[in-house]
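What follows is the content of entry.tsv (TSV, C-alpha atoms).
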chain	number	residue	atom	x	y	z
A	1	LEU	CA	0.00	0.00	0.00
A	2	ILE	CA	2.82	2.38	0.83
A	3	ALA	CA	4.46	1.82	-2.57
A	4	LEU	CA	1.23	2.55	-4.41
A	5	ALA	CA	0.60	5.65	-2.31
A	6	ALA	CA	4.07	6.89	-3.18
A	7	LEU	CA	3.37	6.35	-6.87
A	8	THR	CA	0.27	8.51	-6.64
A	9	ALA	CA	1.88	11.40	-4.78
A	10	CYS	CA	1.64	13.42	-7.97
A	11	SER	CA	-2.06	13.56	-8.58
A	12	GLN	CA	-2.07	15.54	-11.80
A	13	THR	CA	-3.29	13.78	-14.91
A	14	ILE	CA	-1.66	14.99	-18.10
A	15	ARG	CA	-3.07	13.98	-21.46
A	16	GLN	CA	-1.18	13.62	-24.71
A	17	ASP	CA	-2.68	16.82	-26.10
A	18	GLU	CA	-1.61	18.83	-23.06
A	19	SER	CA	1.90	19.95	-22.17
A	20	ALA	CA	3.86	16.87	-21.08
A	21	PRO	CA	7.10	16.74	-23.06
A	22	SER	CA	9.75	14.19	-22.18
A	23	GLY	CA	11.64	15.15	-19.05
A	24	THR	CA	8.96	17.49	-17.72
A	25	GLU	CA	9.20	17.70	-13.97
A	26	CYS	CA	6.15	17.26	-11.81
A	27	ALA	CA	5.65	20.40	-9.74
A	28	CYS	CA	3.93	18.45	-6.98
A	29	CYS	CA	6.64	15.80	-6.61
A	30	GLU	CA	8.87	16.46	-3.63
A	31	ASP	CA	11.90	14.78	-5.14
A	32	GLY	CA	11.58	16.55	-8.51
A	33	ALA	CA	11.18	13.24	-10.33
A	34	ALA	CA	10.66	13.49	-14.06
A	35	LEU	CA	7.26	12.45	-15.33
A	36	PRO	CA	6.96	9.46	-17.66
A	37	ALA	CA	8.01	10.33	-21.20
A	38	TRP	CA	5.39	10.43	-23.93
A	39	VAL	CA	4.84	7.12	-25.72
A	40	ASP	CA	3.45	6.68	-29.23
A	41	ALA	CA	0.20	5.03	-28.17
A	42	PRO	CA	-3.46	6.00	-28.50
A	43	ASN	CA	-4.96	8.05	-25.68
A	44	PHE	CA	-1.65	8.34	-23.80
A	45	GLN	CA	-1.77	10.22	-20.52
A	46	ILE	CA	0.26	10.48	-17.34
A	47	LEU	CA	-1.47	9.22	-14.19
A	48	SER	CA	1.25	9.74	-11.59
A	49	GLU	CA	4.91	10.56	-11.27
A	50	ARG	CA	5.67	6.99	-12.31
A	51	VAL	CA	2.68	5.60	-14.19
A	52	ALA	CA	1.25	6.40	-17.62
A	53	ALA	CA	-1.76	4.80	-19.29
A	54	SER	CA	-2.80	4.36	-22.90
A	55	GLY	CA	-3.97	2.09	-25.64
A	56	PRO	CA	-1.33	-0.29	-27.02
A	57	PRO	CA	2.04	1.24	-27.85
A	58	THR	CA	3.32	0.76	-31.38
A	59	LEU	CA	5.89	-1.97	-31.80
A	60	GLU	CA	8.35	0.72	-32.93
A	61	SER	CA	7.84	2.72	-29.73
A	62	ILE	CA	8.32	-0.36	-27.55
A	63	ALA	CA	11.92	-0.60	-28.75
A	64	SER	CA	12.64	2.86	-27.29
A	65	LEU	CA	10.75	2.52	-24.00
A	66	GLN	CA	13.79	1.55	-21.95
A	67	ALA	CA	15.79	4.52	-23.28
A	68	ARG	CA	12.82	6.74	-22.37
A	69	GLY	CA	12.92	5.61	-18.74
A	70	TYR	CA	10.37	2.79	-18.70
A	71	GLY	CA	11.01	-0.48	-16.90
A	72	LEU	CA	7.62	-2.20	-17.00
A	73	VAL	CA	4.68	-2.64	-19.35
A	74	ILE	CA	1.39	-3.89	-17.86
A	75	ASP	CA	-1.02	-5.16	-20.52
A	76	LEU	CA	-4.69	-5.58	-19.59
A	77	ARG	CA	-5.77	-7.01	-22.96
A	78	THR	CA	-7.02	-10.58	-23.14
A	79	ASP	CA	-5.08	-13.26	-25.01
A	80	ASN	CA	-7.37	-13.09	-28.01
A	81	GLU	CA	-7.09	-9.34	-28.61
A	82	PRO	CA	-5.08	-8.18	-31.64
A	83	GLY	CA	-1.37	-7.58	-31.08
A	84	PHE	CA	-1.15	-9.29	-27.71
A	85	ALA	CA	1.51	-11.91	-28.57
A	86	ALA	CA	3.64	-9.61	-30.73
A	87	GLU	CA	3.74	-6.97	-28.02
A	88	ARG	CA	4.85	-9.37	-25.32
A	89	ALA	CA	7.74	-10.53	-27.52
A	90	ALA	CA	8.70	-6.94	-28.39
A	91	VAL	CA	8.63	-5.82	-24.74
A	92	GLU	CA	10.82	-8.71	-23.64
A	93	ALA	CA	13.20	-8.20	-26.59
A	94	ALA	CA	13.55	-4.54	-25.54
A	95	GLY	CA	14.76	-5.67	-22.10
A	96	LEU	CA	11.64	-4.57	-20.23
A	97	ARG	CA	9.51	-6.48	-17.78
A	98	TYR	CA	6.08	-7.48	-19.04
A	99	ILE	CA	3.07	-8.29	-16.86
A	100	HIS	CA	-0.25	-9.51	-18.20
A	101	ILE	CA	-3.43	-8.93	-16.19
A	102	PRO	CA	-6.19	-9.98	-18.61
A	103	VAL	CA	-9.39	-7.99	-18.17
A	104	ALA	CA	-12.34	-8.38	-20.52
A	105	GLY	CA	-14.54	-5.31	-20.92
A	106	ILE	CA	-15.93	-4.23	-17.58
A	107	GLY	CA	-15.24	-7.64	-16.06
A	108	PHE	CA	-12.60	-6.24	-13.70
A	109	ASP	CA	-12.93	-6.51	-9.94
A	110	LEU	CA	-11.00	-5.89	-6.73
A	111	THR	CA	-8.87	-8.96	-7.41
A	112	ASP	CA	-7.64	-7.35	-10.63
A	113	ALA	CA	-7.02	-4.09	-8.74
A	114	ALA	CA	-4.93	-6.05	-6.21
A	115	LYS	CA	-2.94	-7.61	-9.07
A	116	LEU	CA	-2.27	-4.13	-10.42
A	117	ARG	CA	-1.20	-2.92	-6.98
A	118	ASP	CA	1.15	-5.91	-6.61
A	119	ALA	CA	2.62	-5.35	-10.07
A	120	LEU	CA	3.31	-1.70	-9.27
A	121	ALA	CA	4.81	-2.58	-5.89
A	122	ASP	CA	7.18	-5.09	-7.53
A	123	ALA	CA	7.95	-2.92	-10.55
A	124	PRO	CA	11.57	-2.55	-11.57
A	125	GLU	CA	13.14	0.88	-11.54
A	126	GLY	CA	11.70	3.26	-14.08
A	127	HIS	CA	8.30	4.30	-15.32
A	128	VAL	CA	5.36	1.99	-15.90
A	129	LEU	CA	3.12	1.90	-18.96
A	130	LEU	CA	-0.33	0.51	-18.11
A	131	HIS	CA	-2.49	-0.16	-21.16
A	132	CYS	CA	-5.34	-1.98	-22.81
A	133	ARG	CA	-6.84	-1.63	-26.29
A	134	SER	CA	-8.03	1.97	-25.87
A	135	GLY	CA	-6.96	3.08	-22.38
A	136	GLY	CA	-10.45	2.63	-20.91
A	137	ARG	CA	-9.79	-0.50	-18.87
A	138	ALA	CA	-6.45	0.96	-17.80
A	139	GLY	CA	-8.15	4.11	-16.47
A	140	ALA	CA	-10.96	2.17	-14.82
A	141	LEU	CA	-8.65	-0.31	-13.08
A	142	TRP	CA	-6.37	2.54	-11.99
A	143	GLY	CA	-9.36	4.37	-10.52
A	144	LEU	CA	-10.50	1.26	-8.65
A	145	ALA	CA	-7.03	0.51	-7.25
A	146	GLN	CA	-6.48	4.12	-6.21
A	147	GLY	CA	-9.98	4.40	-4.77
A	148	PHE	CA	-9.49	1.31	-2.63
A	149	ASP	CA	-5.99	2.20	-1.47
A	150	GLN	CA	-6.77	5.83	-0.72
A	151	GLY	CA	-10.09	5.17	0.99
A	152	MET	CA	-12.10	7.14	-1.55
A	153	LEU	CA	-15.85	7.13	-1.66
A	154	PRO	CA	-17.19	5.04	-4.58
A	155	ALA	CA	-18.28	8.16	-6.50
A	156	GLU	CA	-14.82	9.71	-6.06
A	157	ALA	CA	-13.11	6.57	-7.39
A	158	ALA	CA	-15.50	6.47	-10.36
A	159	ALA	CA	-14.69	10.11	-11.13
A	160	LEU	CA	-10.96	9.37	-10.89
A	161	ALA	CA	-11.41	6.45	-13.28
A	162	LYS	CA	-13.18	8.71	-15.81
A	163	GLU	CA	-10.37	11.27	-15.49
A	164	SER	CA	-7.68	8.59	-15.80
A	165	GLY	CA	-8.72	7.23	-19.16
A	166	ARG	CA	-10.21	9.11	-22.08
A	167	THR	CA	-12.23	6.13	-23.13
A	168	VAL	CA	-13.56	5.02	-19.73
A	169	SER	CA	-17.23	4.40	-20.36
A	170	ASP	CA	-20.02	5.29	-17.98
A	171	PRO	CA	-20.65	1.55	-17.33
A	172	ALA	CA	-16.94	1.05	-16.49
A	173	ALA	CA	-16.99	4.01	-14.08
A	174	ALA	CA	-20.17	2.62	-12.51
A	175	LYS	CA	-18.41	-0.76	-12.13
A	176	VAL	CA	-15.59	1.01	-10.24
A	177	ALA	CA	-18.14	2.49	-7.83
A	178	THR	CA	-19.97	-0.85	-7.43
A	179	GLU	CA	-16.75	-2.77	-6.74
A	180	LEU	CA	-15.54	-0.20	-4.24
A	181	ASN	CA	-18.93	-0.05	-2.58
A	182	SER	CA	-18.90	-3.85	-2.15
A	183	ALA	CA	-15.47	-3.63	-0.53
A	184	ILE	CA	-16.49	-1.03	2.03
A	185	LYS	CA	-20.03	-2.21	2.70
A	186	PRO	CA	-20.25	-4.11	6.00
A	187	LYS	CA	-20.99	-7.79	5.44
A	188	ASN	CA	-23.85	-9.23	7.51

For the structure just supplied, provide its representation as structure tokens.
Amino acid sequence: LIALAALTACSQTIRQDESAPSGTECACCEDGAALPAWVDAPNFQILSERVAASGPPTLESIASLQARGYGLVIDLRTDNEPGFAAERAAVEAAGLRYIHIPVAGIGFDLTDAAKLRDALADAPEGHVLLHCRSGGRAGALWGLAQGFDQGMLPAEAAALAKESGRTVSDPAAAKVATELNSAIKPKN
């Protein structure tokens, strides 16, 4: 929990179309850590001082991720989604760590959020690219994990999920709230 809280110390979300050039420093980060560098991937945006989310990176951009400060790629796509196998091979060939947490549609739950938290806690040095096919599942799962770890109200976590992924659908944000509500609701 402490590691994930440290990763979210910088709470600003920067989207690809906003100012976030490589090497930009996060004004809210005490140690002056550089934000994750931009990656050629759909719907790219920075979630924290260490984590960025997007759709799938191009195979060409994967080759440069390590040089751009990345150490880990977390893929939320299922095995049958296009590009899954080729990406895994490209990430490993580039010398990066690859973690697969398959999530289908809005089928994510707190178990998946815990897997994300564990992956971030065990991440090698460097930035982390969290992605799915469009960035929606990445934003939703990020919102759920952050909501749980930071003790947010379900509506706050759903709002964070919507902010954390351009393509987070209303049903996915509602799923974040439902999952978080089930976690905090007293069991009889």

What separates atom CA of A:Val168 and atom CA of A:Glu125 is a distance of 28.2 Å

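In terms of minimum interatomic distance to A:Leu129, A:Val51 ranks closest within A:Ala86, A:Val91, A:Ala63, A:Val51, counting only C-alpha atoms.
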
Contact residues around A:Thr167 with all atoms listed in the file at 12 Å, ignoring same-chain residues under 3 positions, as JSON, numbers by chain: {"A": [42, 43, 44, 45, 53, 54, 55, 105, 131, 132, 133, 134, 135, 136, 137, 138, 139, 140, 161, 162, 163, 164, 170, 171, 172, 173]}

How about saving the chosen residues, C-alpha atoms kept, as a tab-separated table (two decimals), in the frame of the given file?
chain	number	residue	atom	x	y	z
A	42	PRO	CA	-3.46	6.00	-28.50
A	43	ASN	CA	-4.96	8.05	-25.68
A	44	PHE	CA	-1.65	8.34	-23.80
A	45	GLN	CA	-1.77	10.22	-20.52
A	53	ALA	CA	-1.76	4.80	-19.29
A	54	SER	CA	-2.80	4.36	-22.90
A	55	GLY	CA	-3.97	2.09	-25.64
A	105	GLY	CA	-14.54	-5.31	-20.92
A	131	HIS	CA	-2.49	-0.16	-21.16
A	132	CYS	CA	-5.34	-1.98	-22.81
A	133	ARG	CA	-6.84	-1.63	-26.29
A	134	SER	CA	-8.03	1.97	-25.87
A	135	GLY	CA	-6.96	3.08	-22.38
A	136	GLY	CA	-10.45	2.63	-20.91
A	137	ARG	CA	-9.79	-0.50	-18.87
A	138	ALA	CA	-6.45	0.96	-17.80
A	139	GLY	CA	-8.15	4.11	-16.47
A	140	ALA	CA	-10.96	2.17	-14.82
A	161	ALA	CA	-11.41	6.45	-13.28
A	162	LYS	CA	-13.18	8.71	-15.81
A	163	GLU	CA	-10.37	11.27	-15.49
A	164	SER	CA	-7.68	8.59	-15.80
A	170	ASP	CA	-20.02	5.29	-17.98
A	171	PRO	CA	-20.65	1.55	-17.33
A	172	ALA	CA	-16.94	1.05	-16.49
A	173	ALA	CA	-16.99	4.01	-14.08

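Here atom CA of A:Ala119 stands at a distance of 10.4 Å from atom CA of A:Arg97.
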
Any idea what's packed within 9 Å of A:Val103, counting all atoms listed in the file, ignoring anything in its chain fewer than 4 positions away? Could you give it as a short mmCIF file (atom, residue, chain, number, x, y, z; two decimals) with C-alpha atoms, keeping the file's coordinate frame?
data_model
loop_
_atom_site.label_atom_id
_atom_site.label_comp_id
_atom_site.auth_asym_id
_atom_site.auth_seq_id
_atom_site.Cartn_x
_atom_site.Cartn_y
_atom_site.Cartn_z
CA LEU A 76 -4.69 -5.58 -19.59
CA ARG A 77 -5.77 -7.01 -22.96
CA THR A 78 -7.02 -10.58 -23.14
CA GLY A 107 -15.24 -7.64 -16.06
CA PHE A 108 -12.60 -6.24 -13.70
CA ASP A 112 -7.64 -7.35 -10.63
CA CYS A 132 -5.34 -1.98 -22.81
CA ARG A 137 -9.79 -0.50 -18.87
#

- request: Extract, using only C-alpha atoms, all DNA, RNA and protein residues at most 7 Å from stretch 176-186 of chain A, discarding same-chain residues fewer than 2 positions from it, and format them as a PyMOL selection string.
  value: chain A and resi 109-110+140+144+148+154-155+157-158+172-174+188
